[in-house]
$ cat final-v4.cif   # mmCIF, C-alpha atoms and all ligand atoms
data_target
loop_
_atom_site.label_atom_id
_atom_site.label_comp_id
_atom_site.auth_asym_id
_atom_site.auth_seq_id
_atom_site.Cartn_x
_atom_site.Cartn_y
_atom_site.Cartn_z
CA MET Z 902 -30.73 -176.06 62.42
CA GLY Z 903 -30.68 -179.75 61.51
CA GLU Z 904 -28.80 -181.38 58.67
CA ALA Z 905 -30.89 -181.81 55.55
CA PRO Z 906 -30.55 -184.54 52.98
CA VAL Z 907 -27.79 -183.96 50.49
CA PHE Z 908 -28.91 -182.26 47.29
CA PHE Z 909 -27.69 -184.56 44.53
CA GLY Z 910 -27.27 -182.48 41.40
CA ASP Z 911 -25.58 -184.28 38.49
CA GLU Z 912 -22.35 -182.49 39.20
CA LEU Z 913 -22.44 -183.41 42.85
CA LEU Z 914 -22.95 -187.11 42.22
CA ALA Z 915 -19.49 -187.18 40.67
CA GLY Z 916 -18.03 -185.87 43.93
CA VAL Z 917 -20.00 -188.21 46.10
CA SER Z 918 -19.18 -191.24 43.99
CA ASN Z 919 -15.55 -190.29 44.51
CA GLY Z 920 -16.10 -191.48 48.01
CA PHE Z 921 -16.41 -188.51 50.32
CA ASP Z 922 -19.34 -188.09 52.59
CA LEU Z 923 -20.87 -184.65 52.29
CA LYS Z 924 -23.42 -183.48 54.81
CA LEU Z 925 -25.29 -180.30 54.01
CA LYS Z 926 -27.10 -177.99 56.36
CA GLU Z 927 -30.54 -176.62 55.64
CA PHE Z 928 -30.52 -174.22 52.63
CA GLU Z 929 -27.04 -175.33 51.58
CA SER Z 930 -26.34 -177.02 48.25
CA ALA Z 931 -23.15 -178.15 46.59
CA ILE Z 932 -21.53 -178.45 43.20
CA VAL Z 933 -18.26 -179.85 41.85
CA VAL Z 934 -15.85 -177.81 39.75
CA GLY Z 935 -12.67 -179.73 38.95
CA ASN Z 936 -11.18 -181.12 42.14
CA LYS Z 937 -13.24 -178.87 44.36
CA THR Z 938 -16.72 -179.15 45.79
CA TYR Z 939 -18.30 -175.77 46.55
CA VAL Z 940 -20.93 -175.74 49.28
CA ILE Z 941 -23.07 -172.63 48.94
CA GLY Z 942 -25.76 -171.25 51.27
CA GLY Z 943 -26.09 -170.80 55.01
CA PHE Z 944 -25.39 -167.07 54.77
CA ASP Z 945 -26.10 -166.61 58.47
CA ASP Z 946 -22.98 -168.69 59.22
CA SER Z 947 -20.39 -166.03 60.07
CA ILE Z 948 -17.52 -168.56 59.79
CA SER Z 949 -18.07 -169.80 56.26
CA ASN Z 950 -19.70 -166.56 55.06
CA GLY Z 951 -21.91 -168.59 52.74
CA VAL Z 952 -19.23 -170.59 50.90
CA ARG Z 953 -16.98 -173.50 51.91
CA ILE Z 954 -14.85 -175.66 49.68
CA PHE Z 955 -13.78 -179.28 49.89
CA ASP Z 956 -10.53 -179.79 47.99
CA LYS Z 957 -10.22 -183.41 46.90
CA SER Z 958 -6.53 -183.05 46.06
CA THR Z 959 -5.65 -182.17 49.68
CA ASP Z 960 -8.64 -183.88 51.32
CA GLU Z 961 -9.33 -180.70 53.27
CA TRP Z 962 -12.09 -178.17 53.83
CA VAL Z 963 -11.18 -174.54 53.13
CA VAL Z 964 -13.13 -171.41 54.00
CA PRO Z 965 -12.30 -169.01 51.15
CA ILE Z 966 -12.04 -165.22 51.16
CA VAL Z 967 -15.38 -164.13 49.71
CA LEU Z 968 -15.25 -160.94 47.60
CA GLY Z 969 -18.02 -158.92 45.94
CA THR Z 970 -21.47 -158.12 47.28
CA LYS Z 971 -23.02 -161.42 48.31
CA PRO Z 972 -26.75 -162.12 47.88
CA ASN Z 973 -29.00 -161.49 50.86
CA GLU Z 974 -29.79 -164.63 52.76
CA PHE Z 975 -32.05 -166.84 50.70
CA LYS Z 976 -34.02 -169.92 51.50
CA GLY Z 977 -33.53 -172.23 48.58
CA HIS Z 978 -31.52 -171.94 45.42
CA SER Z 979 -30.37 -174.00 42.42
CA LEU Z 980 -26.80 -174.31 41.22
CA MET Z 981 -25.29 -174.99 37.83
CA ARG Z 982 -21.63 -175.14 36.83
CA LEU Z 983 -21.32 -172.97 33.72
CA ASN Z 984 -17.62 -173.69 33.18
CA ASN Z 985 -14.45 -173.84 35.29
CA GLU Z 986 -14.78 -170.12 35.98
CA ARG Z 987 -18.37 -169.60 37.13
CA ILE Z 988 -21.19 -171.23 39.05
CA LEU Z 989 -24.68 -169.97 38.29
CA VAL Z 990 -26.85 -169.55 41.39
CA ILE Z 991 -30.59 -169.01 40.92
CA LYS Z 992 -32.49 -167.88 43.97
CA HIS Z 993 -35.87 -169.59 44.37
CA ASN Z 994 -39.10 -167.71 45.04
CA SER Z 995 -37.70 -164.32 44.08
CA LYS Z 996 -38.10 -161.69 41.39
CA SER Z 997 -36.48 -162.02 37.95
CA ASN Z 998 -34.31 -158.93 38.58
CA GLU Z 999 -32.93 -160.35 41.84
CA CYS Z 1000 -32.66 -164.08 41.27
CA VAL Z 1001 -29.52 -164.47 39.13
CA TRP Z 1002 -26.10 -164.62 40.80
CA PHE Z 1003 -22.71 -165.90 39.76
CA LEU Z 1004 -20.10 -167.29 42.11
CA GLU Z 1005 -16.85 -166.71 40.29
CA VAL Z 1006 -14.35 -169.43 41.18
CA GLY Z 1007 -11.77 -169.28 38.39
CA THR Z 1008 -12.18 -166.04 36.43
CA GLN Z 1009 -9.08 -163.99 35.74
CA PHE Z 1010 -10.03 -161.62 38.57
CA VAL Z 1011 -10.37 -164.50 41.05
CA GLN Z 1012 -7.08 -166.09 39.89
CA GLU Z 1013 -5.30 -162.76 40.52
CA GLN Z 1014 -6.85 -162.46 43.98
CA LYS Z 1015 -5.83 -166.04 44.86
CA LYS Z 1016 -2.22 -165.11 44.07
CA ARG Z 1017 -2.50 -161.88 46.04
CA PHE Z 1018 -4.02 -163.46 49.17
CA GLU Z 1019 -2.20 -166.84 48.76
CA THR Z 1020 -5.39 -168.68 49.63
CA GLU Z 1021 -8.72 -169.71 48.13
CA VAL Z 1022 -10.81 -166.79 46.89
CA VAL Z 1023 -14.28 -166.67 45.34
CA SER Z 1024 -16.24 -163.62 44.26
CA TRP Z 1025 -19.95 -162.90 43.96
CA SER Z 1026 -21.28 -161.09 40.94
CA LYS Z 1027 -24.92 -160.13 40.54
CA GLY Z 1028 -26.58 -161.02 37.23
CA VAL Z 1029 -28.25 -157.97 35.72
CA ILE Z 1030 -31.02 -158.57 33.21
CA GLY Z 1031 -30.84 -156.43 30.07
CA ASP Z 1032 -28.30 -154.02 28.68
CA ALA Z 1033 -28.27 -150.68 30.41
CA GLU Z 1034 -28.00 -148.01 27.74
CA ARG Z 1035 -24.68 -146.20 27.47
CA PRO Z 1036 -24.12 -143.85 30.42
CA ILE Z 1037 -23.89 -140.11 29.65
CA VAL Z 1038 -20.93 -138.07 30.86
CA ILE Z 1039 -21.63 -134.33 30.99
CA SER Z 1040 -18.72 -131.96 31.54
CA GLY Z 1041 -18.10 -128.26 31.27
CA PRO Z 1042 -16.86 -125.36 33.38
CA SER Z 1043 -18.50 -124.54 36.67
CA GLY Z 1044 -21.62 -122.41 36.18
CA VAL Z 1045 -22.19 -123.32 32.52
CA GLY Z 1046 -25.53 -125.03 33.31
CA LYS Z 1047 -24.73 -128.78 33.47
CA GLY Z 1048 -26.81 -129.32 36.59
CA THR Z 1049 -29.69 -127.28 35.16
CA LEU Z 1050 -29.78 -129.37 31.96
CA ILE Z 1051 -29.48 -132.65 33.87
CA ASN Z 1052 -32.37 -131.64 36.17
CA MET Z 1053 -34.52 -130.88 33.12
CA LEU Z 1054 -33.79 -134.35 31.69
CA MET Z 1055 -34.48 -136.11 34.99
CA ARG Z 1056 -37.73 -134.20 35.44
CA GLU Z 1057 -39.01 -134.94 31.93
CA PHE Z 1058 -37.87 -138.60 31.90
CA PRO Z 1059 -37.88 -139.75 35.54
CA THR Z 1060 -38.05 -143.47 34.76
CA MET Z 1061 -35.36 -143.35 32.13
CA PHE Z 1062 -32.45 -141.54 33.76
CA GLY Z 1063 -30.68 -141.86 37.09
CA PHE Z 1064 -28.02 -139.52 38.45
CA SER Z 1065 -24.63 -140.84 39.53
CA VAL Z 1066 -24.25 -139.37 43.01
CA SER Z 1067 -20.58 -138.39 43.36
CA HIS Z 1068 -18.49 -138.17 46.50
CA THR Z 1069 -16.97 -134.82 47.40
CA THR Z 1070 -14.93 -133.28 50.18
CA ARG Z 1071 -16.44 -129.83 49.63
CA ALA Z 1072 -18.99 -128.53 52.14
CA PRO Z 1073 -22.70 -128.88 51.26
CA ARG Z 1074 -24.47 -125.81 49.91
CA LYS Z 1075 -27.82 -124.71 51.33
CA LYS Z 1076 -30.51 -127.12 50.09
CA GLU Z 1077 -27.95 -129.80 49.11
CA GLU Z 1078 -28.78 -133.18 50.64
CA ASN Z 1079 -26.28 -135.88 51.54
CA GLY Z 1080 -26.81 -138.93 49.31
CA VAL Z 1081 -28.94 -136.97 46.83
CA HIS Z 1082 -26.72 -134.22 45.39
CA TYR Z 1083 -23.44 -135.67 46.66
CA HIS Z 1084 -22.10 -138.09 49.21
CA PHE Z 1085 -20.36 -135.53 51.41
CA THR Z 1086 -17.23 -136.98 52.98
CA ASN Z 1087 -13.81 -135.95 54.25
CA LYS Z 1088 -10.36 -136.14 52.69
CA ASP Z 1089 -8.98 -138.96 54.87
CA ILE Z 1090 -11.95 -141.24 54.33
CA MET Z 1091 -12.11 -140.52 50.62
CA GLU Z 1092 -8.39 -141.14 50.13
CA GLU Z 1093 -8.72 -144.49 51.94
CA GLU Z 1094 -11.66 -145.44 49.72
CA ILE Z 1095 -9.75 -144.42 46.58
CA LYS Z 1096 -6.89 -146.71 47.70
CA ALA Z 1097 -9.37 -149.53 48.27
CA GLY Z 1098 -10.44 -149.28 44.62
CA LYS Z 1099 -13.93 -147.98 45.32
CA PHE Z 1100 -13.82 -145.27 42.62
CA LEU Z 1101 -14.28 -145.39 38.89
CA GLU Z 1102 -12.61 -141.97 38.66
CA HIS Z 1103 -11.60 -139.17 40.98
CA ALA Z 1104 -10.00 -135.75 40.62
CA SER Z 1105 -9.01 -132.68 42.55
CA VAL Z 1106 -11.37 -129.94 41.32
CA HIS Z 1107 -11.27 -126.29 42.53
CA GLY Z 1108 -9.33 -127.42 45.63
CA ASN Z 1109 -11.55 -130.34 46.70
CA LEU Z 1110 -11.66 -134.05 45.93
CA TYR Z 1111 -14.53 -135.31 43.78
CA GLY Z 1112 -15.09 -138.85 42.58
CA THR Z 1113 -17.55 -141.31 41.05
CA SER Z 1114 -17.76 -144.56 42.99
CA ILE Z 1115 -18.34 -147.80 41.09
CA GLU Z 1116 -21.40 -148.28 43.30
CA ALA Z 1117 -22.88 -144.89 42.25
CA VAL Z 1118 -23.00 -146.04 38.63
CA GLU Z 1119 -24.07 -149.60 39.45
CA VAL Z 1120 -27.12 -148.61 41.51
CA VAL Z 1121 -28.49 -146.59 38.58
CA ALA Z 1122 -27.93 -149.43 36.10
CA ASP Z 1123 -29.41 -151.96 38.56
CA ALA Z 1124 -32.57 -149.86 38.68
CA GLY Z 1125 -32.78 -150.30 34.89
CA LYS Z 1126 -31.99 -146.63 34.30
CA ARG Z 1127 -29.49 -144.82 32.13
CA CYS Z 1128 -26.78 -143.21 34.21
CA ILE Z 1129 -25.85 -139.51 33.96
CA LEU Z 1130 -22.46 -138.41 35.32
CA ASP Z 1131 -21.78 -134.69 35.97
CA ILE Z 1132 -17.99 -134.63 36.21
CA ASP Z 1133 -15.07 -132.37 35.29
CA VAL Z 1134 -12.78 -132.81 32.27
CA GLN Z 1135 -10.12 -134.77 34.22
CA GLY Z 1136 -12.84 -137.17 35.34
CA ALA Z 1137 -14.16 -137.48 31.79
CA ARG Z 1138 -10.67 -138.41 30.61
CA SER Z 1139 -10.41 -141.13 33.28
CA VAL Z 1140 -13.84 -142.52 32.36
CA ARG Z 1141 -12.82 -142.54 28.68
CA SER Z 1142 -9.97 -144.88 29.54
CA SER Z 1143 -12.11 -147.04 31.86
CA SER Z 1144 -14.34 -149.94 30.87
CA LEU Z 1145 -17.46 -147.76 31.08
CA GLU Z 1146 -18.66 -147.18 27.52
CA ALA Z 1147 -20.23 -143.75 27.79
CA ILE Z 1148 -21.33 -140.86 25.55
CA PHE Z 1149 -19.26 -137.75 26.32
CA ILE Z 1150 -20.91 -134.32 26.06
CA PHE Z 1151 -19.16 -131.02 26.75
CA ILE Z 1152 -21.20 -127.92 27.58
CA CYS Z 1153 -19.73 -124.49 26.67
CA PRO Z 1154 -20.90 -121.02 27.71
CA PRO Z 1155 -21.76 -118.54 24.93
CA SER Z 1156 -19.00 -116.29 26.33
CA PHE Z 1157 -16.68 -116.04 29.29
CA GLU Z 1158 -18.56 -112.97 30.53
CA GLU Z 1159 -21.84 -114.88 30.53
CA LEU Z 1160 -20.20 -117.73 32.50
CA GLU Z 1161 -19.01 -115.23 35.12
CA LYS Z 1162 -22.50 -113.69 35.26
CA ARG Z 1163 -24.13 -117.11 35.85
CA LEU Z 1164 -21.66 -118.13 38.54
CA ARG Z 1165 -22.27 -114.85 40.41
CA ALA Z 1166 -26.03 -115.00 39.93
CA ARG Z 1167 -26.11 -118.51 41.40
CA GLY Z 1168 -24.77 -117.02 44.63
CA THR Z 1169 -23.32 -120.25 46.00
CA GLU Z 1170 -19.60 -119.35 46.07
CA THR Z 1171 -17.53 -116.64 47.75
CA GLU Z 1172 -15.77 -114.10 45.52
CA GLU Z 1173 -12.48 -115.93 46.05
CA LEU Z 1174 -13.99 -119.24 44.94
CA ILE Z 1175 -15.71 -117.64 41.95
CA GLN Z 1176 -12.31 -116.32 40.82
CA LYS Z 1177 -10.75 -119.77 41.29
CA ARG Z 1178 -13.54 -121.45 39.27
CA LEU Z 1179 -13.22 -118.87 36.49
CA ARG Z 1180 -9.44 -119.38 36.30
CA ASN Z 1181 -9.96 -123.14 36.03
CA ALA Z 1182 -12.70 -122.62 33.42
CA LYS Z 1183 -10.14 -121.27 30.91
CA ALA Z 1184 -8.13 -124.52 30.96
CA GLU Z 1185 -11.29 -126.66 30.99
CA LEU Z 1186 -12.71 -124.87 27.94
CA GLU Z 1187 -9.43 -125.35 26.10
CA GLN Z 1188 -9.21 -129.05 26.95
CA GLY Z 1189 -12.90 -129.73 26.41
CA THR Z 1190 -13.06 -128.22 22.96
CA SER Z 1191 -9.69 -129.19 21.52
CA ASN Z 1192 -8.59 -132.76 22.12
CA GLY Z 1193 -11.34 -134.93 20.70
CA LEU Z 1194 -12.23 -136.25 24.16
CA PHE Z 1195 -15.90 -135.35 23.73
CA ASP Z 1196 -18.35 -136.83 21.25
CA HIS Z 1197 -20.56 -133.71 21.28
CA ILE Z 1198 -20.03 -130.06 22.17
CA LEU Z 1199 -23.10 -127.97 23.01
CA VAL Z 1200 -23.20 -124.21 23.57
CA ASN Z 1201 -25.62 -123.38 26.36
CA ASP Z 1202 -26.83 -119.97 25.21
CA ASP Z 1203 -30.60 -120.18 25.19
CA LEU Z 1204 -31.43 -122.83 27.79
CA GLU Z 1205 -34.48 -124.30 26.02
CA ALA Z 1206 -32.68 -124.49 22.68
CA CYS Z 1207 -29.67 -126.19 24.29
CA TYR Z 1208 -31.96 -128.68 26.06
CA GLU Z 1209 -33.64 -129.55 22.77
CA ARG Z 1210 -30.21 -130.20 21.18
CA LEU Z 1211 -29.24 -132.38 24.13
CA LYS Z 1212 -32.43 -134.43 23.75
CA LYS Z 1213 -31.73 -134.82 20.03
CA ILE Z 1214 -28.28 -136.26 20.78
CA LEU Z 1215 -29.91 -138.72 23.17
CA GLY Z 1216 -32.61 -139.69 20.66
CA LEU Z 1217 -35.36 -138.08 22.75
CA ASP Z 1218 -36.52 -135.44 20.33
CA GLY Z 1219 -39.59 -137.35 19.20
CA SER Z 1220 -37.79 -139.35 16.48
CA THR Z 1221 -37.88 -142.34 18.85
CA ASP Z 1222 -40.73 -143.18 21.22
CA ALA Z 1223 -39.31 -142.44 24.67
CA SER Z 1224 -42.14 -144.28 26.39
CA LEU Z 1225 -40.89 -147.52 24.83
CA LYS Z 1226 -37.52 -147.17 26.51
CA THR Z 1227 -38.66 -148.42 29.88
CA SER Z 1228 -36.80 -150.84 32.11
CA THR Z 1229 -36.95 -154.62 31.66
CA GLU Z 1230 -40.18 -156.18 32.88
CA VAL Z 1231 -39.88 -157.86 36.28
CA PHE Z 1232 -41.72 -161.11 37.07
CA ALA Z 1233 -41.76 -163.64 39.91
CA LEU Z 1234 -39.85 -166.93 39.82
CA PRO Z 1235 -41.49 -170.10 41.17
CA MET Z 1236 -40.69 -171.59 44.57
CA GLU Z 1237 -39.11 -174.88 43.44
CA ILE Z 1238 -37.09 -174.97 40.25
CA SER Z 1239 -34.60 -177.11 38.34
CA LEU Z 1240 -32.14 -176.01 35.68
CA THR Z 1241 -31.21 -177.39 32.26
CA LYS Z 1242 -28.52 -175.96 29.98
CA ILE Z 1243 -28.88 -175.83 26.20
CA ASP Z 1244 -25.90 -174.08 24.62
CA GLU Z 1245 -25.82 -170.59 26.15
CA LYS Z 1246 -29.41 -170.79 27.39
CA ILE Z 1247 -30.51 -171.99 30.82
CA ILE Z 1248 -34.03 -173.36 31.02
CA ILE Z 1249 -35.66 -172.79 34.41
CA ASN Z 1250 -38.26 -175.52 34.96
CA SER Z 1251 -40.84 -175.77 37.70
CA GLU Z 1252 -43.23 -178.62 38.44
CA ASN Z 1253 -45.76 -176.19 39.87
CA ALA Z 1254 -45.73 -173.72 37.01
CA ASP Z 1255 -46.73 -174.48 33.42
CA GLN Z 1256 -44.36 -171.98 31.98
CA LYS Z 1257 -40.64 -172.63 31.55
CA ILE Z 1258 -38.40 -169.57 31.76
CA VAL Z 1259 -35.31 -169.01 29.60
CA LEU Z 1260 -32.19 -167.30 30.90
CA ASP Z 1261 -30.13 -166.33 27.87
CA LEU Z 1262 -26.42 -165.85 28.57
CA THR Z 1263 -25.43 -165.16 24.94
CA SER Z 1264 -24.56 -161.51 25.50
CA MET Z 1265 -23.24 -161.97 29.04
CA LYS Z 1266 -20.61 -159.33 29.86
CA GLY Z 1267 -18.49 -158.35 32.83
CA GLY Z 1268 -18.29 -160.05 36.20
CA ALA Z 1269 -16.25 -159.48 39.33
CA PRO Z 1270 -15.60 -156.97 40.78
CA GLY Z 1271 -18.81 -155.48 39.30
CA ARG Z 1272 -22.02 -156.96 37.97
CA THR Z 1273 -22.51 -159.51 35.19
CA ARG Z 1274 -24.70 -157.81 32.60
CA GLY Z 1275 -26.41 -158.38 29.29
CA LEU Z 1276 -28.57 -161.32 30.47
CA ARG Z 1277 -32.03 -161.87 28.99
CA MET Z 1278 -34.87 -163.65 30.78
CA TYR Z 1279 -38.19 -164.50 29.16
CA PRO Z 1280 -40.94 -167.14 29.19
CA ALA Z 1281 -40.11 -170.00 26.78
CA GLY Z 1282 -42.03 -169.71 23.52
CA LEU Z 1283 -42.00 -165.93 23.56
CA HIS Z 1284 -39.01 -165.97 21.22
CA THR Z 1285 -39.09 -168.52 18.41
CA ASP Z 1286 -35.72 -170.15 19.20
CA VAL Z 1287 -36.65 -171.79 22.55
N1 LIG Z 1301 -28.83 -121.06 29.35
C1 LIG Z 1301 -28.81 -120.42 30.50
N2 LIG Z 1301 -29.05 -119.11 30.52
C2 LIG Z 1301 -29.03 -118.39 31.68
N3 LIG Z 1301 -28.76 -118.95 32.89
C3 LIG Z 1301 -28.50 -120.24 32.93
C4 LIG Z 1301 -28.51 -121.06 31.75
N4 LIG Z 1301 -28.22 -122.33 32.11
C5 LIG Z 1301 -28.04 -122.32 33.44
N5 LIG Z 1301 -28.22 -121.08 33.94
C6 LIG Z 1301 -28.05 -120.63 35.35
O1 LIG Z 1301 -26.64 -120.61 35.60
C7 LIG Z 1301 -26.37 -120.97 36.95
C8 LIG Z 1301 -25.36 -122.14 36.96
O2 LIG Z 1301 -26.00 -123.30 36.45
P1 LIG Z 1301 -25.68 -124.73 37.03
O3 LIG Z 1301 -25.68 -124.69 38.51
O4 LIG Z 1301 -26.60 -125.66 36.35
O5 LIG Z 1301 -24.19 -124.89 36.50
P2 LIG Z 1301 -23.22 -126.14 36.59
O6 LIG Z 1301 -22.54 -126.25 35.29
O7 LIG Z 1301 -23.96 -127.34 37.05
O8 LIG Z 1301 -22.19 -125.68 37.70
P3 LIG Z 1301 -21.23 -126.55 38.65
O9 LIG Z 1301 -20.27 -127.26 37.79
O10 LIG Z 1301 -20.58 -125.54 39.52
O11 LIG Z 1301 -22.09 -127.48 39.43
C9 LIG Z 1301 -27.70 -121.33 37.58
O12 LIG Z 1301 -28.15 -120.23 38.38
C10 LIG Z 1301 -28.64 -121.56 36.39
O13 LIG Z 1301 -29.97 -121.24 36.70
N1 LIG Z 1302 -14.01 -135.66 38.32
C1 LIG Z 1302 -15.18 -135.42 38.94
N2 LIG Z 1302 -15.72 -134.19 38.91
C2 LIG Z 1302 -16.89 -133.98 39.52
C3 LIG Z 1302 -17.56 -135.00 40.20
N3 LIG Z 1302 -18.71 -134.52 40.71
C4 LIG Z 1302 -18.75 -133.22 40.36
N4 LIG Z 1302 -17.65 -132.89 39.63
C5 LIG Z 1302 -17.34 -131.62 39.04
O1 LIG Z 1302 -16.86 -130.73 40.02
C6 LIG Z 1302 -17.12 -129.41 39.59
C7 LIG Z 1302 -17.65 -128.59 40.74
O2 LIG Z 1302 -18.88 -129.06 41.16
P1 LIG Z 1302 -19.70 -128.27 42.30
O3 LIG Z 1302 -20.88 -129.13 42.61
O4 LIG Z 1302 -18.78 -128.10 43.47
O5 LIG Z 1302 -20.09 -126.96 41.69
C8 LIG Z 1302 -18.10 -129.49 38.42
O6 LIG Z 1302 -17.37 -129.23 37.23
C9 LIG Z 1302 -18.52 -130.92 38.42
O7 LIG Z 1302 -18.78 -131.39 37.12
C10 LIG Z 1302 -16.96 -136.30 40.21
O8 LIG Z 1302 -17.47 -137.28 40.78
N5 LIG Z 1302 -15.78 -136.45 39.58
#

$ encode --input "final-v4.cif" --output "structure tokens" --more "lines below"
Ligand SMILES: Nc1ncnc2c1ncn2[C@@H]1O[C@H](COP(=O)(O)OP(=O)(O)OP(=O)(O)O)[C@@H](O)[C@H]1O
Ligand SMILES: Nc1nc2c(ncn2[C@@H]2O[C@H](COP(=O)(O)O)[C@@H](O)[C@H]2O)c(=O)[nH]1
Amino acid sequence: MGEAPVFFGDELLAGVSNGFDLKLKEFESAIVVGNKTYVIGGFDDSISNGVRIFDKSTDEWVVPIVLGTKPNEFKGHSLMRLNNERILVIKHNSKSNECVWFLEVGTQFVQEQKKRFETEVVSWSKGVIGDAERPIVISGPSGVGKGTLINMLMREFPTMFGFSVSHTTRAPRKKEENGVHYHFTNKDIMEEEIKAGKFLEHASVHGNLYGTSIEAVEVVADAGKRCILDIDVQGARSVRSSSLEAIFIFICPPSFEELEKRLRARGTETEELIQKRLRNAKAELEQGTSNGLFDHILVNDDLEACYERLKKILGLDGSTDASLKTSTEVFALPMEISLTKIDEKIIINSENADQKIVLDLTSMKGGAPGRTRGLRMYPAGLHTDV
């Protein structure tokens, strides 16, 4: 692949005029942040891994440690320095829900990682358009009917809800599919992954490890859906103290006898395991109903009546129009674009398209090691302000 002419963005000119000669490969572009020039692109280059840095203070090139999930290889992109912490990367010729990326170069997370690794670190963060609605945590003793209620919701509102597929070390039941009902794994692997920070929460439940990976929640939100987590009370407590702002719902049985009847009727556990689950249910019912951890407590006596109450809590009982709550509209971005910044809004211009597009960063939240959310993207003129 030959060397292409240098892309001279305004930021880059400052670096070049400082007297160093930068040669870019095809599909690479560069931008200056402080003393450093970041060259981004060339994702097929296994040495630079898509990012290299020229540090003017040492006069040296550095290949940084690159964290986060990087974008798939793309042929053409535009860069803009948002501040000393983040570079905005807009992928050309792609869809609005896939085109926005941030290379974090000085966020608190990146600063901490630089100290930890004692070298240059950058981190990718995907820009997610729109605010995913608050995730829903559903807890309750085994056999109370959590899965049944969740299935009813998913069946009635398939485009609105997505299930957070947990990891577990327990064996699959008949008809359970790996990757659909659970990610079935083993203890050693799961413990390694917990150490590596892959999980939002995890707990030992009825003698096995269960956990919600960060990825399990992210994939649902990335699909523009509202995430439902079916987790035990310990897990709910961990999520409460995490950054995930969820609604917490606890499901109770009408009686202990009825719970036992349902567990037996399900026929998925041995007698020994049924006894273990019933013993644990006592503590779970006590914790679930007494400590203010849950926002709502529902008794699952009559299934249909309980489902209607659940829908009411979620605003799906007809008082709001569920069909309006669809995911953000996706549209295509032009091939060649340039970027202009006005306050917290980025204007995406294209010579070949009449319409300018606005990327609104006003409610931008989050960043590494997850996604950057709360972005809005719309054709200019649609909203009166731009
Ligand atoms: N209101 C209800 N009345 C009678 N049976 C019910 C009711 N709700 C659920 N069930 C039945 O109870 C059994 C257990 O339900 P389910 O598997 O949904 O429980 P769960 O809370 O998800 O359990 P676990 O935590 O072990 O996954 C199932 O056979 C289901 O059909
Ligand atoms: N803390 C977590 N608990 C979880 C998770 N996934 C499921 N669970 C809970 O485990 C029990 C048993 O489930 P079963 O499928 O073996 O019957 C039940 O109470 C679930 O809510 C998780 O990721 N984290």

$ residues_around --input "final-v4.cif" --residues "region 1207-1209 of chain Z" --least-positions-apart "2" --cutoff "12 Å" --atoms "all atoms listed in the file" --output "MDAnalysis selection string"
chainID Z and resid 1045:1055 1057 1151:1155 1198:1205 1211:1219

$ residues_near_point --input "final-v4.cif" --point "(-37.7, -159.4, 37.3)" --cutoff "9 Å" --atoms "all atoms listed in the file" --output "ChimeraX atom specification"
/Z:995-1000,1030,1229-1234,1278

$ residues_around --input "final-v4.cif" --residues "Ala1122 (chain Z)" --least-positions-apart "3" --cutoff "9 Å" --atoms "only C-alpha atoms" --output "ChimeraX atom specification"
/Z:1029,1032-1034,1036,1063,1118-1119,1125-1128

$ residues_near_ligand --input "final-v4.cif" --ligand "ligand LIG 1302 (chain Z)" --cutoff "6 Å" --atoms "only C-alpha atoms and all ligand atoms" --output "list of chain:residue names"
Z:Ser1040, Z:Pro1042, Z:Ser1043, Z:Ser1067, Z:His1068, Z:His1103, Z:Ala1104, Z:Val1106, Z:Tyr1111, Z:Gly1112, Z:Thr1113, Z:Asp1131, Z:Ile1132, Z:Asp1133, Z:Gln1135, Z:Gly1136

$ atom_distance --input "final-v4.cif" --atom1 "CA of Ile1039 (chain Z)" --atom2 "CA of Glu1187 (chain Z)"
15.9 Å

$ atom_distance --input "final-v4.cif" --atom1 "CA of Asp1089 (chain Z)" --atom2 "CA of Glu1102 (chain Z)"
16.9 Å

$ atom_distance --input "final-v4.cif" --atom1 "CA of Glu1146 (chain Z)" --atom2 "CA of Ile1090 (chain Z)"
28.3 Å

$ closest_residue --input "final-v4.cif" --among "Z:Ile966, Z:Val1121, Z:Leu989, Z:Ala1166" --to "ligand LIG 1301 (chain Z)" --atoms "all atoms listed in the file"
Z:Ala1166

$ closest_residue --input "final-v4.cif" --among "Z:Ile991, Z:Leu1160, Z:Ile1243, Z:Leu1004" --to "ligand LIG 1301 (chain Z)" --atoms "all atoms listed in the file"
Z:Leu1160

$ residues_around --input "final-v4.cif" --residues "Phe955 (chain Z)" --least-positions-apart "6" --cutoff "9 Å" --atoms "all atoms listed in the file" --output "PyMOL selection string"
chain Z and resi 936-940+961-964

$ closest_residue --input "final-v4.cif" --among "Z:Thr1070, Z:Ser979, Z:Asn1181, Z:Asn1253" --to "Ala931 (chain Z)" --atoms "only C-alpha atoms"
Z:Ser979

$ closest_residue --input "final-v4.cif" --among "Z:Leu1262, Z:Leu1240, Z:Ala1269, Z:Val952" --to "Gln1014 (chain Z)" --atoms "only C-alpha atoms"
Z:Ala1269

$ residues_around --input "final-v4.cif" --residues "Gly1031 (chain Z)" --least-positions-apart "4" --cutoff "7 Å" --atoms "only C-alpha atoms" --output "ChimeraX atom specification"
/Z:1229,1274-1277

$ closest_residue --input "final-v4.cif" --among "Z:Gly1189, Z:Gly942, Z:Gly1007, Z:Pro1073" --to "Phe975 (chain Z)" --atoms "all atoms listed in the file"
Z:Gly942

$ closest_residue --input "final-v4.cif" --among "Z:Arg1141, Z:Lys1246, Z:Arg1165, Z:His1084" --to "ligand LIG 1301 (chain Z)" --atoms "all atoms listed in the file"
Z:Arg1165

$ axis_aligned_box --input "final-v4.cif" --around "ligand LIG 1301 (chain Z)" --padding-each-side "8 Å" --output "lines of an AutoDock Vina configuration file"
center_x = -25.1
center_y = -122.9
center_z = 34.4
size_x = 25.7
size_y = 25.1
size_z = 26.2
